[in-house]
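One structure is given below, encoded as structure tokens.
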Protein chains: 2
Amino acid sequence: MATSKTNAAEKRRLILDAAVRVFARQGFHACRVSDIADEAGVAYGLVYHYFRSKDEVLDTLFRDRWSLMTALIEDVDRQDLPTRDKLRAITSFIFDSYRHDPELMKVIIVEVTRAANSFGQTHLQEIRKAYDGIATIVEHGQAKGELRTDVTSQFAAMAFYGAIEQVLTSWIFDLLPFGETEAEQSKNLIVETICGGLDARSAGPLA
Amino acid sequence: MATSKTNAAEKRRLILDAAVRVFARQGFHACRVSDIADEAGVAYGLVYHYFRSKDEVLDTLFRDRWSLMTALIEDVDRQDLPTRDKLRAITSFIFDSYRHDPELMKVIIVEVTRAANSFGQTHLQEIRKAYDGIATIVEHGQAKGELRTDVTSQFAAMAFYGAIEQVLTSWIFDLLPFGETEAEQSKNLIVETICGGLDARSAGPLA
DNA sequence: ATGGCGATTGACTCGTCAGTCAACCCGACC
DNA sequence: GGTCGGGTTGACTGACGAGTCAATCGCCAT
């Protein structure tokens, strides 16, 4: 019984992992449920034994991953760190997620986060939670006098997150080269660009 | 004959305008061709008289608008202006486009630009052209000593464009309030954030 | 052995549209 | 007033794919 439960969990996982590969390769709308089943090496119907619908597969992938991010954001803000380091921690988390599992991140970004008309709509509240978390960090940074106050925290959060997502997207679609080096450098570049600004003057040192 | 040609052009326009409304309301994939025809007040088949396919309708909407943007970017770079003003001009153009026709911009952003797996893929080269144009502006800014050189122009372009698109998206989906005032202020906020940075120190004056 | 039950199978159903097409309308021109 | 041709119509088809379901499998307890 313990075995059967374990096997069940493993099969479910097997299907989810297959779905990531298929979604990343073909896109959610362009792929058929049978593609997922084939990729996982299971029968068509089994997908429906573990998930109510094709949508639920993607929902699960998104929620499992996104909840980690909102948790991290809240966690980071609780720590006593300079605002720059908080923002760098968030950037690191996202870029490391991509480095660790680019296919999963591609699916989440392309099919959910940036697909605001379909799945983005469904998950708008969860997505918003991340924006709000970043905005809160900015607010605290402003309160501590580390960040300028004439840019609203909500706006700053959007600019920050938007910059991150655009860089991710450019990696996903090969508009910018991606590698270990790029990922590591980009963490600093994002923070430098958003916090330090592009203006020539007091360019801070880049690690 | 002159009349019939005019009427034909007008009918085509009628269908395109109807498509914008329908795509904006229901999304490209969720709407049927018959929805477009109904909205335009014409018969189903007429859509196929003027366009080869449903895709071609969206393609047309995108290309007509996006070409204006790439043209503007190249045009702005040719002028002898401080880099900040060049970037502000681009931001202005985009935000004014949204103010002038939010539905069309919603369609272009949501269904093409951010839909990198479906239509974004098709138009990747055109989209890229805009990124490259912005990168060129940044390069010129760096050459003139106005912008720091330790952030690559490609990267800076992505951060800049990503910030703009995220703000647009947050307006589109009511995550941030939109109005004349917000649109006007945001032009400066984007440039201030990206060029000046969020750090407290030398916060430039906001108009 | 045997019965029970959840896991697994895959053929089938059923609704949905994109795109086609043959017929019709109507203004222009002779 | 006739006929020619592009504009216009909308019923129809054909493909496709999500989700269903009845049958089968195989593990475990009795």
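Each chain in the structure tokens gets a letter, A, B, ..., in the order shown, and its residues are numbered from 1; ligands are numbered from 1 in order too.
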
Which residues are close to DA11 of chain D, i.e. within 10 Å by only C-alpha atoms (C1' of nucleotides), leaving aside same-chain residues fewer than 2 positions away? Reply as an mmCIF file with C-alpha atoms (C1' of nucleotides), in the first residue's frame.
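The resulting file, result.cif, is reproduced below:
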data_model
loop_
_atom_site.group_PDB
_atom_site.id
_atom_site.type_symbol
_atom_site.label_atom_id
_atom_site.label_comp_id
_atom_site.auth_asym_id
_atom_site.auth_seq_id
_atom_site.Cartn_x
_atom_site.Cartn_y
_atom_site.Cartn_z
ATOM 1 C "C1'" DC C 21 -17.885 27.411 -52.247
ATOM 2 C "C1'" DT D 9 -23.775 35.890 -48.456
ATOM 3 C "C1'" DT D 13 -17.619 20.253 -44.594
#

Practice problem: For chain A, work out the contacting residues on chain B at 6 Å, counting only C-alpha atoms, and write them as a PyMOL selection string. | Solution: chain B and resi 114+146-148+158-159+162-163+166+194-200

Practice problem: Would you mind listing what lies within 9 Å of Tyr50 of chain A as a ChimeraX atom specification, with only C-alpha atoms (C1' of nucleotides) counted and same-chain residues fewer than 5 positions away left out? | Solution: /A:8,11-12,15,57

Exercise. Tell me which protein, DNA and RNA residues are within 10 Å of Ala18 of chain B, counting only C-alpha atoms (C1' of nucleotides), leaving out same-chain ones fewer than 3 positions away, and put them as a list in words.
Key: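 Neighbouring residues, sequence-local ones excluded: Arg12, Arg13, Leu14, Ile15, Arg21, Val22, Phe23, Ala24, Asp35, Ile36, Ala37, Asp38, Glu39, Ala40 and Gly41 of chain B.
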
Kindly export the residues of the current selection with N, CA and C atoms, as a PDB file, in the first residue's frame.
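The result, written out as part-v1.pdb:
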ATOM      1  N   ARG B  12     -12.636  46.701 -45.640  1.00  0.00           N
ATOM      2  CA  ARG B  12     -11.461  46.054 -45.061  1.00  0.00           C
ATOM      3  C   ARG B  12     -11.125  46.680 -43.708  1.00  0.00           C
ATOM      4  N   ARG B  13     -11.134  47.989 -43.690  1.00  0.00           N
ATOM      5  CA  ARG B  13     -10.885  48.742 -42.458  1.00  0.00           C
ATOM      6  C   ARG B  13     -11.922  48.391 -41.396  1.00  0.00           C
ATOM      7  N   LEU B  14     -13.173  48.292 -41.839  1.00  0.00           N
ATOM      8  CA  LEU B  14     -14.290  47.967 -40.940  1.00  0.00           C
ATOM      9  C   LEU B  14     -14.030  46.643 -40.238  1.00  0.00           C
ATOM     10  N   ILE B  15     -13.563  45.687 -41.014  1.00  0.00           N
ATOM     11  CA  ILE B  15     -13.284  44.361 -40.463  1.00  0.00           C
ATOM     12  C   ILE B  15     -12.093  44.415 -39.503  1.00  0.00           C
ATOM     13  N   ARG B  21     -11.577  45.162 -31.636  1.00  0.00           N
ATOM     14  CA  ARG B  21     -12.499  45.132 -30.500  1.00  0.00           C
ATOM     15  C   ARG B  21     -12.712  43.706 -29.994  1.00  0.00           C
ATOM     16  N   VAL B  22     -12.904  42.783 -30.941  1.00  0.00           N
ATOM     17  CA  VAL B  22     -13.172  41.400 -30.555  1.00  0.00           C
ATOM     18  C   VAL B  22     -11.948  40.750 -29.915  1.00  0.00           C
ATOM     19  N   PHE B  23     -10.789  40.948 -30.533  1.00  0.00           N
ATOM     20  CA  PHE B  23      -9.555  40.385 -29.974  1.00  0.00           C
ATOM     21  C   PHE B  23      -9.296  40.940 -28.574  1.00  0.00           C
ATOM     22  N   ALA B  24      -9.524  42.246 -28.418  1.00  0.00           N
ATOM     23  CA  ALA B  24      -9.267  42.872 -27.124  1.00  0.00           C
ATOM     24  C   ALA B  24     -10.222  42.315 -26.065  1.00  0.00           C
ATOM     25  N   ASP B  35     -17.411  35.881 -34.818  1.00  0.00           N
ATOM     26  CA  ASP B  35     -17.514  37.016 -33.891  1.00  0.00           C
ATOM     27  C   ASP B  35     -17.044  38.294 -34.563  1.00  0.00           C
ATOM     28  N   ILE B  36     -15.953  38.178 -35.309  1.00  0.00           N
ATOM     29  CA  ILE B  36     -15.426  39.349 -36.011  1.00  0.00           C
ATOM     30  C   ILE B  36     -16.441  39.823 -37.040  1.00  0.00           C
ATOM     31  N   ALA B  37     -16.953  38.875 -37.815  1.00  0.00           N
ATOM     32  CA  ALA B  37     -17.929  39.226 -38.845  1.00  0.00           C
ATOM     33  C   ALA B  37     -19.158  39.890 -38.222  1.00  0.00           C
ATOM     34  N   ASP B  38     -19.677  39.312 -37.147  1.00  0.00           N
ATOM     35  CA  ASP B  38     -20.838  39.890 -36.471  1.00  0.00           C
ATOM     36  C   ASP B  38     -20.545  41.306 -36.000  1.00  0.00           C
ATOM     37  N   GLU B  39     -19.397  41.461 -35.352  1.00  0.00           N
ATOM     38  CA  GLU B  39     -19.015  42.775 -34.810  1.00  0.00           C
ATOM     39  C   GLU B  39     -18.915  43.810 -35.933  1.00  0.00           C
ATOM     40  N   ALA B  40     -18.448  43.364 -37.096  1.00  0.00           N
ATOM     41  CA  ALA B  40     -18.305  44.279 -38.226  1.00  0.00           C
ATOM     42  C   ALA B  40     -19.630  44.457 -38.978  1.00  0.00           C
ATOM     43  N   GLY B  41     -20.586  43.580 -38.689  1.00  0.00           N
ATOM     44  CA  GLY B  41     -21.869  43.650 -39.374  1.00  0.00           C
ATOM     45  C   GLY B  41     -21.796  43.173 -40.813  1.00  0.00           C
TER      46      GLY B  41
END

Practice problem: Find the residues of chain C in contact range of chain A, meaning any atom within 9 Å when counting only C-alpha atoms (C1' of nucleotides), and list them as a list in words. | Solution: DA7, DT8, DT9 and DG10 of chain C

Convert the current residue selection to file output with C-alpha atoms (C1' of nucleotides), as a PDB file, in the first residue's frame.
ATOM      1  C1'  DA C   7      -4.444   1.855 -11.512  1.00  0.00           C
ATOM      2  C1'  DT C   8      -4.285   1.698 -16.392  1.00  0.00           C
ATOM      3  C1'  DT C   9      -5.760   1.321 -21.113  1.00  0.00           C
ATOM      4  C1'  DG C  10      -7.226   3.407 -25.654  1.00  0.00           C
TER       5       DG C  10
END

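With distances restricted to only C-alpha atoms (C1' of nucleotides), A:Asp55 is the closest residue to chain D from A:Glu126, A:Asp101, A:Asp80, A:Asp55.
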
Quiz item: Hey, what's within 7 Å of segment 85-90 of chain B if we count only C-alpha atoms (C1' of nucleotides) and toss same-chain stuff fewer than 6 positions away? As a PyMOL selection string, please?
Solution: chain B and resi 73+76-77+187+191

Distance cut-off 9 Å, counting only C-alpha atoms (C1' of nucleotides) - which residues of chain D neighbour chain B? Return them as a PDB file with N, CA and C atoms (P, O5', C5', C4', C3', O3' and C1' of nucleotides), in the first residue's frame.
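Result saved to iface_15.pdb:
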ATOM      1  P    DG D   7     -13.888  43.680 -55.253  1.00  0.00           P
ATOM      2  O5'  DG D   7     -15.308  43.609 -54.523  1.00  0.00           O
ATOM      3  C5'  DG D   7     -16.199  44.714 -54.669  1.00  0.00           C
ATOM      4  C4'  DG D   7     -17.505  44.426 -53.956  1.00  0.00           C
ATOM      5  C3'  DG D   7     -17.363  43.977 -52.504  1.00  0.00           C
ATOM      6  O3'  DG D   7     -18.407  44.611 -51.764  1.00  0.00           O
ATOM      7  C1'  DG D   7     -18.541  42.327 -53.716  1.00  0.00           C
ATOM      8  P    DT D   8     -18.503  44.449 -50.202  1.00  0.00           P
ATOM      9  O5'  DT D   8     -19.443  43.189 -50.023  1.00  0.00           O
ATOM     10  C5'  DT D   8     -20.778  43.263 -50.497  1.00  0.00           C
ATOM     11  C4'  DT D   8     -21.520  41.970 -50.198  1.00  0.00           C
ATOM     12  C3'  DT D   8     -21.278  41.364 -48.809  1.00  0.00           C
ATOM     13  O3'  DT D   8     -22.505  41.453 -48.080  1.00  0.00           O
ATOM     14  C1'  DT D   8     -21.305  39.697 -50.513  1.00  0.00           C
ATOM     15  P    DT D   9     -22.601  40.865 -46.621  1.00  0.00           P
ATOM     16  O5'  DT D   9     -23.201  39.432 -46.910  1.00  0.00           O
ATOM     17  C5'  DT D   9     -24.465  39.306 -47.557  1.00  0.00           C
ATOM     18  C4'  DT D   9     -24.796  37.850 -47.777  1.00  0.00           C
ATOM     19  C3'  DT D   9     -24.699  36.971 -46.525  1.00  0.00           C
ATOM     20  O3'  DT D   9     -25.996  36.669 -46.060  1.00  0.00           O
ATOM     21  C1'  DT D   9     -23.775  35.890 -48.456  1.00  0.00           C
ATOM     22  P    DG D  10     -26.224  36.458 -44.503  1.00  0.00           P
ATOM     23  O5'  DG D  10     -26.112  34.878 -44.375  1.00  0.00           O
ATOM     24  C5'  DG D  10     -26.850  34.046 -45.265  1.00  0.00           C
ATOM     25  C4'  DG D  10     -26.335  32.620 -45.211  1.00  0.00           C
ATOM     26  C3'  DG D  10     -26.001  32.103 -43.800  1.00  0.00           C
ATOM     27  O3'  DG D  10     -26.252  30.713 -43.762  1.00  0.00           O
ATOM     28  C1'  DG D  10     -24.109  31.927 -45.106  1.00  0.00           C
TER      29       DG D  10
END

Exercise. Using DSSP on the backbone coordinates, identify the residues of segment 7-153 of chain B assigned to helix (DSSP H, G or I); present them as a ChimeraX atom specification.
Key: /B:7-26,33-40,44-50,54-78,83-100,102-113,119-122,124-143,153

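Between atom CA of Phe62 of chain B and atom CA of Val112 of chain B lies a distance of 7.4 Å.
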
Exercise. Name the residues in contact with DA18 of chain C at a cut-off of 12 Å, using only C-alpha atoms (C1' of nucleotides), excluding same-chain residues fewer than 3 positions from it; report them as a list in words.
Key: His29, Cys31, Arg32, Val33, Ser34, Tyr44, Gly45, Val47, Tyr48, Arg52, Ser53, Lys54 and Asp55 of chain B; DT13, DG14, DA15 and DC16 of chain D

What does the file look like for those residues with N, CA and C atoms (P, O5', C5', C4', C3', O3' and C1' of nucleotides), as a PDB file, in the first residue's frame?
ATOM      1  N   HIS B  29      -7.459  33.643 -29.471  1.00  0.00           N
ATOM      2  CA  HIS B  29      -7.779  32.214 -29.547  1.00  0.00           C
ATOM      3  C   HIS B  29      -9.222  31.938 -29.109  1.00  0.00           C
ATOM      4  N   CYS B  31     -11.836  33.782 -29.537  1.00  0.00           N
ATOM      5  CA  CYS B  31     -12.899  34.309 -30.391  1.00  0.00           C
ATOM      6  C   CYS B  31     -12.989  33.539 -31.701  1.00  0.00           C
ATOM      7  N   ARG B  32     -14.159  33.552 -32.286  1.00  0.00           N
ATOM      8  CA  ARG B  32     -14.357  32.879 -33.574  1.00  0.00           C
ATOM      9  C   ARG B  32     -14.374  33.915 -34.689  1.00  0.00           C
ATOM     10  N   VAL B  33     -14.114  33.467 -35.863  1.00  0.00           N
ATOM     11  CA  VAL B  33     -14.145  34.372 -37.004  1.00  0.00           C
ATOM     12  C   VAL B  33     -15.543  34.975 -37.146  1.00  0.00           C
ATOM     13  N   SER B  34     -16.546  34.189 -36.796  1.00  0.00           N
ATOM     14  CA  SER B  34     -17.918  34.700 -36.897  1.00  0.00           C
ATOM     15  C   SER B  34     -18.134  35.867 -35.933  1.00  0.00           C
ATOM     16  N   TYR B  44     -19.969  36.186 -42.730  1.00  0.00           N
ATOM     17  CA  TYR B  44     -18.803  35.393 -42.375  1.00  0.00           C
ATOM     18  C   TYR B  44     -17.767  35.344 -43.494  1.00  0.00           C
ATOM     19  N   GLY B  45     -18.262  35.007 -44.671  1.00  0.00           N
ATOM     20  CA  GLY B  45     -17.343  34.794 -45.789  1.00  0.00           C
ATOM     21  C   GLY B  45     -16.567  36.020 -46.213  1.00  0.00           C
ATOM     22  N   VAL B  47     -14.954  38.103 -44.493  1.00  0.00           N
ATOM     23  CA  VAL B  47     -13.656  38.171 -43.821  1.00  0.00           C
ATOM     24  C   VAL B  47     -12.613  37.468 -44.684  1.00  0.00           C
ATOM     25  N   TYR B  48     -13.022  36.355 -45.304  1.00  0.00           N
ATOM     26  CA  TYR B  48     -12.091  35.579 -46.122  1.00  0.00           C
ATOM     27  C   TYR B  48     -11.928  36.158 -47.529  1.00  0.00           C
ATOM     28  N   ARG B  52      -6.662  36.201 -45.940  1.00  0.00           N
ATOM     29  CA  ARG B  52      -6.453  34.782 -46.251  1.00  0.00           C
ATOM     30  C   ARG B  52      -6.900  33.896 -45.093  1.00  0.00           C
ATOM     31  N   SER B  53      -6.698  34.386 -43.892  1.00  0.00           N
ATOM     32  CA  SER B  53      -6.996  33.563 -42.720  1.00  0.00           C
ATOM     33  C   SER B  53      -7.217  34.445 -41.498  1.00  0.00           C
ATOM     34  N   LYS B  54      -7.659  33.826 -40.433  1.00  0.00           N
ATOM     35  CA  LYS B  54      -7.833  34.542 -39.168  1.00  0.00           C
ATOM     36  C   LYS B  54      -6.489  35.116 -38.722  1.00  0.00           C
ATOM     37  N   ASP B  55      -5.450  34.326 -38.872  1.00  0.00           N
ATOM     38  CA  ASP B  55      -4.106  34.778 -38.510  1.00  0.00           C
ATOM     39  C   ASP B  55      -3.728  36.069 -39.230  1.00  0.00           C
TER      40      ASP B  55
ATOM     41  P    DT D  13     -22.297  19.073 -46.057  1.00  0.00           P
ATOM     42  O5'  DT D  13     -20.692  19.139 -46.002  1.00  0.00           O
ATOM     43  C5'  DT D  13     -19.953  19.698 -47.080  1.00  0.00           C
ATOM     44  C4'  DT D  13     -18.485  19.703 -46.694  1.00  0.00           C
ATOM     45  C3'  DT D  13     -18.021  18.423 -45.987  1.00  0.00           C
ATOM     46  O3'  DT D  13     -16.693  18.162 -46.400  1.00  0.00           O
ATOM     47  C1'  DT D  13     -17.619  20.253 -44.594  1.00  0.00           C
ATOM     48  P    DG D  14     -16.182  16.754 -46.713  1.00  0.00           P
ATOM     49  O5'  DG D  14     -14.645  16.891 -46.339  1.00  0.00           O
ATOM     50  C5'  DG D  14     -14.030  18.172 -46.241  1.00  0.00           C
ATOM     51  C4'  DG D  14     -13.201  18.240 -44.979  1.00  0.00           C
ATOM     52  C3'  DG D  14     -12.819  16.880 -44.392  1.00  0.00           C
ATOM     53  O3'  DG D  14     -11.424  16.842 -44.251  1.00  0.00           O
ATOM     54  C1'  DG D  14     -13.785  18.260 -42.710  1.00  0.00           C
ATOM     55  P    DA D  15     -10.628  15.631 -43.734  1.00  0.00           P
ATOM     56  O5'  DA D  15      -9.784  16.315 -42.568  1.00  0.00           O
ATOM     57  C5'  DA D  15      -9.485  17.713 -42.649  1.00  0.00           C
ATOM     58  C4'  DA D  15      -9.119  18.237 -41.278  1.00  0.00           C
ATOM     59  C3'  DA D  15      -8.424  17.203 -40.401  1.00  0.00           C
ATOM     60  O3'  DA D  15      -7.332  17.827 -39.757  1.00  0.00           O
ATOM     61  C1'  DA D  15     -10.365  18.004 -39.303  1.00  0.00           C
ATOM     62  P    DC D  16      -6.295  16.965 -38.918  1.00  0.00           P
ATOM     63  O5'  DC D  16      -6.097  17.901 -37.633  1.00  0.00           O
ATOM     64  C5'  DC D  16      -6.879  19.076 -37.475  1.00  0.00           C
ATOM     65  C4'  DC D  16      -7.477  19.123 -36.086  1.00  0.00           C
ATOM     66  C3'  DC D  16      -6.820  18.164 -35.086  1.00  0.00           C
ATOM     67  O3'  DC D  16      -6.379  18.920 -33.985  1.00  0.00           O
ATOM     68  C1'  DC D  16      -9.166  18.055 -34.936  1.00  0.00           C
TER      69       DC D  16
END
